[in-house]
>>> print(open('final26.tsv').read())   # TSV, C-alpha atoms
chain	number	residue	atom	x	y	z
A	315	MET	CA	145.58	8.40	-8.26
A	316	ASN	CA	147.62	8.22	-11.47
A	317	THR	CA	150.78	10.14	-12.28
A	318	THR	CA	149.00	12.82	-14.32
A	319	THR	CA	146.53	13.56	-11.53
A	320	THR	CA	149.36	13.69	-8.98
A	321	LEU	CA	151.31	16.10	-11.16
A	322	GLN	CA	148.29	18.34	-11.68
A	323	HIS	CA	147.64	18.38	-7.95
A	324	PHE	CA	151.29	19.19	-7.27
A	325	LEU	CA	151.30	22.12	-9.69
A	326	ALA	CA	147.97	23.39	-8.30
A	327	GLN	CA	149.32	23.35	-4.73
A	328	SER	CA	152.65	24.98	-5.60
A	329	ASP	CA	153.22	28.69	-5.80
A	330	GLY	CA	155.15	30.49	-8.52
A	331	VAL	CA	158.55	29.57	-7.12
A	332	GLY	CA	157.70	25.88	-6.83
A	333	GLN	CA	156.27	25.76	-10.33
A	334	ALA	CA	159.32	27.57	-11.74
A	335	LEU	CA	161.65	25.08	-10.08
A	336	PHE	CA	159.59	22.19	-11.43
A	337	PHE	CA	159.77	23.47	-15.01
A	338	ILE	CA	163.50	24.15	-14.66
A	339	LEU	CA	164.05	20.53	-13.63
A	340	ALA	CA	161.79	19.35	-16.45
A	341	ALA	CA	163.81	21.39	-18.97
A	342	MET	CA	167.04	19.97	-17.52
A	343	SER	CA	165.68	16.46	-17.88
A	344	VAL	CA	164.67	16.99	-21.51
A	345	ALA	CA	168.08	18.50	-22.36
A	346	SER	CA	169.89	15.71	-20.52
A	347	TRP	CA	168.06	12.90	-22.32
A	348	TYR	CA	168.48	14.68	-25.65
A	349	PHE	CA	172.25	14.67	-25.27
A	350	ILE	CA	172.26	11.14	-23.83
A	351	LEU	CA	170.41	9.72	-26.84
A	352	ILE	CA	172.35	11.78	-29.40
A	353	LYS	CA	175.73	10.89	-27.89
A	354	ALA	CA	174.81	7.20	-27.69
A	355	TRP	CA	173.71	7.15	-31.33
A	356	GLN	CA	176.80	9.06	-32.48
A	357	GLY	CA	179.09	6.76	-30.50
A	358	ILE	CA	177.59	3.57	-31.92
A	359	ARG	CA	177.72	4.90	-35.48
A	360	ALA	CA	181.28	6.23	-35.11
A	361	ARG	CA	182.61	2.96	-33.66
A	362	ARG	CA	181.07	0.97	-36.51
A	363	ARG	CA	182.43	3.29	-39.20
A	364	SER	CA	185.86	3.48	-37.57
A	365	ALA	CA	186.12	-0.30	-37.43
A	366	GLN	CA	185.18	-0.53	-41.11
A	367	PHE	CA	187.70	2.12	-42.11
A	368	LEU	CA	190.57	0.62	-40.11
A	369	GLN	CA	189.92	-2.77	-41.62
A	370	ALA	CA	189.95	-1.23	-45.10
A	371	PHE	CA	193.04	0.85	-44.26
A	372	TRP	CA	195.22	-2.03	-43.14
A	373	SER	CA	193.98	-4.15	-46.02
A	374	ALA	CA	194.78	-1.54	-48.69
A	375	ALA	CA	197.73	-1.92	-51.03
A	376	SER	CA	198.95	1.67	-50.57
A	377	LEU	CA	198.16	5.03	-49.01
A	378	GLU	CA	197.29	6.39	-52.43
A	379	GLN	CA	194.59	3.78	-52.77
A	380	ILE	CA	193.17	4.88	-49.40
A	381	ALA	CA	193.36	8.52	-50.48
A	382	GLU	CA	191.39	7.81	-53.65
A	383	ARG	CA	188.64	6.13	-51.64
A	384	LEU	CA	188.47	8.99	-49.15
A	385	GLU	CA	188.36	11.64	-51.86
A	386	GLU	CA	185.32	10.00	-53.41
A	387	LYS	CA	183.27	10.75	-50.31
A	388	THR	CA	183.92	13.23	-47.51
A	389	PRO	CA	184.94	11.32	-44.32
A	390	GLU	CA	182.56	11.52	-41.38
A	391	GLU	CA	184.53	9.79	-38.65
A	392	SER	CA	187.80	10.54	-36.87
A	393	PHE	CA	190.23	7.99	-38.31
A	394	SER	CA	189.38	8.52	-41.98
A	395	LEU	CA	189.29	12.30	-41.52
A	396	LEU	CA	192.74	12.26	-39.93
A	397	THR	CA	194.08	10.07	-42.73
A	398	LEU	CA	192.75	12.29	-45.51
A	399	HIS	CA	194.07	15.51	-43.97
A	400	ALA	CA	197.46	13.93	-43.25
A	401	ILE	CA	197.84	12.73	-46.84
A	402	ASN	CA	196.76	16.11	-48.18
A	403	ALA	CA	199.19	17.87	-45.83
A	404	ARG	CA	202.09	15.76	-47.12
A	405	ARG	CA	201.10	16.46	-50.72
A	406	HIS	CA	200.70	20.18	-50.04
A	407	HIS	CA	204.14	20.55	-48.46
A	408	ALA	CA	205.75	18.51	-51.21
A	409	ARG	CA	204.29	20.82	-53.86
A	410	HIS	CA	204.63	24.22	-52.20
A	411	GLY	CA	207.28	23.77	-49.52
A	412	GLY	CA	207.60	26.36	-46.75
A	413	GLN	CA	206.60	29.47	-48.68
A	414	ARG	CA	204.37	30.80	-45.90
A	415	LEU	CA	204.57	30.88	-42.10
A	416	GLN	CA	201.78	28.33	-42.01
A	417	GLU	CA	204.02	25.89	-43.88
A	418	ALA	CA	207.27	26.76	-42.10
A	419	GLY	CA	209.56	23.95	-41.02
A	420	SER	CA	210.31	20.55	-42.41
A	421	ALA	CA	207.75	18.29	-44.03
A	422	SER	CA	207.51	16.16	-40.87
A	423	GLU	CA	206.91	19.25	-38.70
A	424	PHE	CA	204.21	20.52	-41.05
A	425	LEU	CA	202.60	17.07	-41.07
A	426	THR	CA	202.73	16.89	-37.27
A	427	ARG	CA	200.97	20.26	-36.94
A	428	ALA	CA	198.30	19.26	-39.44
A	429	MET	CA	197.59	15.97	-37.68
A	430	ARG	CA	197.59	17.58	-34.24
A	431	ARG	CA	195.08	20.17	-35.44
A	432	ILE	CA	192.71	17.45	-36.65
A	433	ILE	CA	193.07	15.51	-33.39
A	434	ASP	CA	192.29	18.68	-31.42
A	435	GLU	CA	189.22	19.34	-33.57
A	436	GLU	CA	188.05	15.76	-33.10
A	437	THR	CA	188.59	16.07	-29.35
A	438	ALA	CA	186.38	19.16	-29.27
A	439	ARG	CA	183.76	17.39	-31.38
A	440	LEU	CA	183.71	14.36	-29.09
A	441	GLU	CA	183.29	16.61	-26.05
A	442	TRP	CA	180.21	18.30	-27.55
A	443	GLY	CA	177.35	18.08	-25.06
A	444	LEU	CA	179.47	16.95	-22.11
A	445	THR	CA	179.50	20.43	-20.58
A	446	VAL	CA	175.70	20.46	-20.55
A	447	LEU	CA	175.55	16.99	-18.98
A	448	ALA	CA	178.12	17.95	-16.34
A	449	SER	CA	176.26	21.18	-15.55
A	450	ILE	CA	172.93	19.38	-15.19
A	451	ALA	CA	174.48	16.62	-13.08
A	452	SER	CA	176.01	19.15	-10.68
A	453	THR	CA	173.15	21.66	-10.42
A	454	ALA	CA	169.97	19.53	-10.56
A	455	PRO	CA	170.32	18.20	-6.98
A	456	PHE	CA	170.68	21.75	-5.68
A	457	VAL	CA	167.64	22.93	-7.64
A	458	GLY	CA	165.71	20.03	-6.10
A	459	LEU	CA	167.13	20.87	-2.68
A	460	PHE	CA	165.99	24.46	-3.03
A	461	GLY	CA	162.51	23.16	-3.85
A	462	THR	CA	162.68	20.97	-0.76
A	463	VAL	CA	163.63	23.91	1.45
A	464	TRP	CA	160.83	25.97	-0.12
A	465	GLY	CA	158.28	23.23	0.61
A	466	VAL	CA	159.41	22.90	4.23
A	467	PHE	CA	159.22	26.68	4.55
A	468	HIS	CA	155.58	26.54	3.40
A	469	ALA	CA	154.85	23.81	5.95
A	470	LEU	CA	156.32	25.86	8.75
A	471	THR	CA	154.46	28.95	7.56
A	472	ASN	CA	151.15	27.06	7.61
A	473	ILE	CA	151.87	25.80	11.12
A	474	GLY	CA	152.67	29.33	12.28
A	475	GLN	CA	149.53	30.79	10.75
A	476	GLY	CA	147.23	28.05	12.01
A	477	GLY	CA	148.67	27.86	15.48
A	478	ALA	CA	148.58	24.04	15.43
A	479	ALA	CA	150.39	21.38	13.45
A	480	THR	CA	147.60	19.54	11.70
A	481	LEU	CA	148.13	16.98	8.97
A	482	GLU	CA	146.12	19.03	6.50
A	483	GLN	CA	148.37	22.04	7.00
A	484	ILE	CA	151.69	20.28	6.50
A	485	ALA	CA	150.90	17.36	4.15
A	486	GLY	CA	150.82	19.44	0.96
A	487	PRO	CA	154.04	21.42	1.51
A	488	VAL	CA	155.94	18.38	2.81
A	489	GLY	CA	154.75	16.33	-0.15
A	490	GLU	CA	155.91	19.11	-2.46
A	491	ALA	CA	159.30	19.08	-0.75
A	492	LEU	CA	159.68	15.31	-1.20
A	493	ILE	CA	158.66	15.50	-4.86
A	494	MET	CA	161.23	18.21	-5.55
A	495	THR	CA	163.93	16.11	-3.87
A	496	GLY	CA	163.03	13.11	-6.01
A	497	LEU	CA	162.91	15.18	-9.19
A	498	GLY	CA	166.34	16.65	-8.54
A	499	LEU	CA	167.84	13.17	-8.11
A	500	ALA	CA	165.93	11.76	-11.09
A	501	VAL	CA	167.41	14.46	-13.32
A	502	ALA	CA	170.95	14.34	-11.92
A	503	ILE	CA	171.60	10.58	-11.78
A	504	PRO	CA	171.16	9.82	-15.53
A	505	ALA	CA	173.25	12.90	-16.38
A	506	VAL	CA	176.09	11.75	-14.10
A	507	LEU	CA	176.07	8.21	-15.48
A	508	ALA	CA	175.92	9.43	-19.08
A	509	TYR	CA	178.74	11.93	-18.52
A	510	ASN	CA	181.01	9.27	-17.03
A	511	ALA	CA	180.21	6.82	-19.83
A	512	CYS	CA	180.85	9.43	-22.54
A	513	ALA	CA	184.07	10.62	-20.92
A	514	ARG	CA	185.41	7.05	-20.74
A	515	SER	CA	184.37	6.35	-24.33
A	516	ASN	CA	186.08	9.54	-25.51
A	517	ARG	CA	189.32	8.62	-23.71
A	518	LEU	CA	189.37	5.23	-25.43
A	519	VAL	CA	188.65	6.72	-28.86
A	520	LEU	CA	191.32	9.41	-28.48
A	521	ALA	CA	193.87	6.88	-27.25
A	522	LYS	CA	193.24	4.71	-30.33
A	523	LEU	CA	193.28	7.79	-32.57
A	524	ASP	CA	196.61	8.91	-31.11
A	525	ALA	CA	198.13	5.45	-31.61
A	526	PHE	CA	196.84	5.37	-35.18
A	527	ALA	CA	198.26	8.85	-35.77
A	528	HIS	CA	201.75	7.61	-34.80
A	529	ASP	CA	201.49	4.72	-37.26
A	530	LEU	CA	200.15	6.98	-39.99
A	531	PHE	CA	202.89	9.54	-39.40
A	532	ALA	CA	205.53	6.81	-39.73
A	533	LEU	CA	203.98	5.56	-42.96
A	534	LEU	CA	203.84	9.04	-44.46
A	535	THR	CA	207.37	10.07	-43.48
A	536	THR	CA	209.34	6.80	-43.73
A	537	GLY	CA	207.09	4.46	-45.66
A	538	ALA	CA	207.29	1.87	-42.89
A	539	LEU	CA	205.65	1.20	-39.55
A	540	PRO	CA	207.48	1.55	-36.22
A	541	ALA	CA	209.42	-1.51	-35.11
A	542	VAL	CA	207.13	-2.18	-32.13
A	543	GLN	CA	203.42	-2.37	-32.95
A	544	GLY	CA	200.66	-2.59	-30.42
A	545	GLU	CA	197.60	-4.73	-30.92
A	546	ARG	CA	195.12	-3.18	-33.34
>>> encode(input="final26.tsv", output="structure tokens")
Amino acid sequence: MNTTTTLQHFLAQSDGVGQALFFILAAMSVASWYFILIKAWQGIRARRRSAQFLQAFWSAASLEQIAERLEEKTPEESFSLLTLHAINARRHHARHGGQRLQEAGSASEFLTRAMRRIIDEETARLEWGLTVLASIASTAPFVGLFGTVWGVFHALTNIGQGGAATLEQIAGPVGEALIMTGLGLAVAIPAVLAYNACARSNRLVLAKLDAFAHDLFALLTTGALPAVQGER
């Protein structure tokens, strides 16, 4: 009996509740793998582009040269986006000063707020999809467990109606219960692993972005890097 036949038999034996639970788990699985693949692709592309930008940044002759390159094409990754907005923020404050509440404070304070805003926006962007993965990882086992309980309930109902515990009466409901247990785990485990991997990757990216922001801030305000530099 192949997988398709087994699935058709399972759906034929299940009632409305069992079928609803199955399709809920199937929808969770599709959503989970969608975010897993999208996040993996985005992470690989972002790491490659960030590495290319950082190499170009530290090889450039000046910040103005970097700004000219960034203005030619809208940045699509965190480090170049932070750099462009920081340079523009310094230029803006130098031209207009603190004429509005938005620009209040010294140039360094205005630059700090601008850079922090970009980092916060990038943090939110990196966390896109993680809430869905976390929700699926935490709820899928319980959906499967509910299906298991429902299948056992059917088995016990069949035994009570038939007056005897025959294999024919309990095999279908018990099989349904085991399938629902397996489906719940099959949906939850990839979501848990993907969530943990994405969360770790985001922490590393944000740590590097924060370190780069300190160096960039020093370059924009003093024209020199801090005395102690970590490994890039």
>>> closest_residue(input="final26.tsv", among="A:Glu391, A:Val466, A:Phe349, A:Gly496", to="Arg362 (chain A)", atoms="only C-alpha atoms")
A:Glu391
>>> atom_distance(input="final26.tsv", atom1="CA of Ala502 (chain A)", atom2="CA of Gly489 (chain A)")
20.1 Å
>>> residues_around(input="final26.tsv", residues="Ser515 (chain A)", least_positions_apart="6", cutoff="12 Å", atoms="all atoms listed in the file", output="ChimeraX atom specification")
/A:353-354,356-358,360-361,437,440-441,444,508-509,521-522
>>> closest_residue(input="final26.tsv", among="A:Ile352, A:Ala527, A:Asn510, A:Phe456", to="Thr495 (chain A)", atoms="only C-alpha atoms")
A:Phe456
>>> residues_near_point(input="final26.tsv", point="(192.7, 15.3, -39.1)", cutoff="7 Å", atoms="only C-alpha atoms", output="list of chain:residue names")
A:Leu395, A:Leu396, A:Thr397, A:His399, A:Ala400, A:Ala428, A:Met429, A:Arg431, A:Ile432, A:Ile433
>>> closest_residue(input="final26.tsv", among="A:Ala370, A:Val501, A:Leu351, A:Leu523", to="Asp434 (chain A)", atoms="all atoms listed in the file")
A:Leu523
>>> closest_residue(input="final26.tsv", among="A:Cys512, A:Leu339, A:Leu384, A:Leu534", to="Leu425 (chain A)", atoms="all atoms listed in the file")
A:Leu534
>>> atom_distance(input="final26.tsv", atom1="CA of Arg404 (chain A)", atom2="CA of Ser364 (chain A)")
22.5 Å
>>> atom_distance(input="final26.tsv", atom1="CA of Tyr348 (chain A)", atom2="CA of Pro504 (chain A)")
11.5 Å
>>> closest_residue(input="final26.tsv", among="A:Gln333, A:Ser376, A:Ser343, A:Thr536", to="Ala454 (chain A)", atoms="only C-alpha atoms")
A:Ser343
>>> closest_residue(input="final26.tsv", among="A:Arg430, A:Arg405, A:Arg439, A:Lys387", to="Asn516 (chain A)", atoms="only C-alpha atoms")
A:Arg439
>>> residues_near_point(input="final26.tsv", point="(160.9, 27.8, -5.6)", cutoff="6 Å", atoms="all atoms listed in the file", output="short mmCIF file (atom, residue, chain, number, x, y, z; two decimals) with C-alpha atoms, keeping the file's coordinate frame")
data_model
loop_
_atom_site.label_atom_id
_atom_site.label_comp_id
_atom_site.auth_asym_id
_atom_site.auth_seq_id
_atom_site.Cartn_x
_atom_site.Cartn_y
_atom_site.Cartn_z
CA VAL A 331 158.55 29.57 -7.12
CA GLY A 332 157.70 25.88 -6.83
CA LEU A 335 161.65 25.08 -10.08
CA GLY A 461 162.51 23.16 -3.85
CA TRP A 464 160.83 25.97 -0.12
#
>>> residues_around(input="final26.tsv", residues="Ala491 (chain A)", least_positions_apart="5", cutoff="10 Å", atoms="all atoms listed in the file", output="list in words")
Gly332, Gly458, Leu459, Phe460, Gly461, Thr462, Val463, Trp464, Gly465, Val466, Phe467, His468, Ala469, Ala485, Gly486, Gly496 and Leu497 of chain A
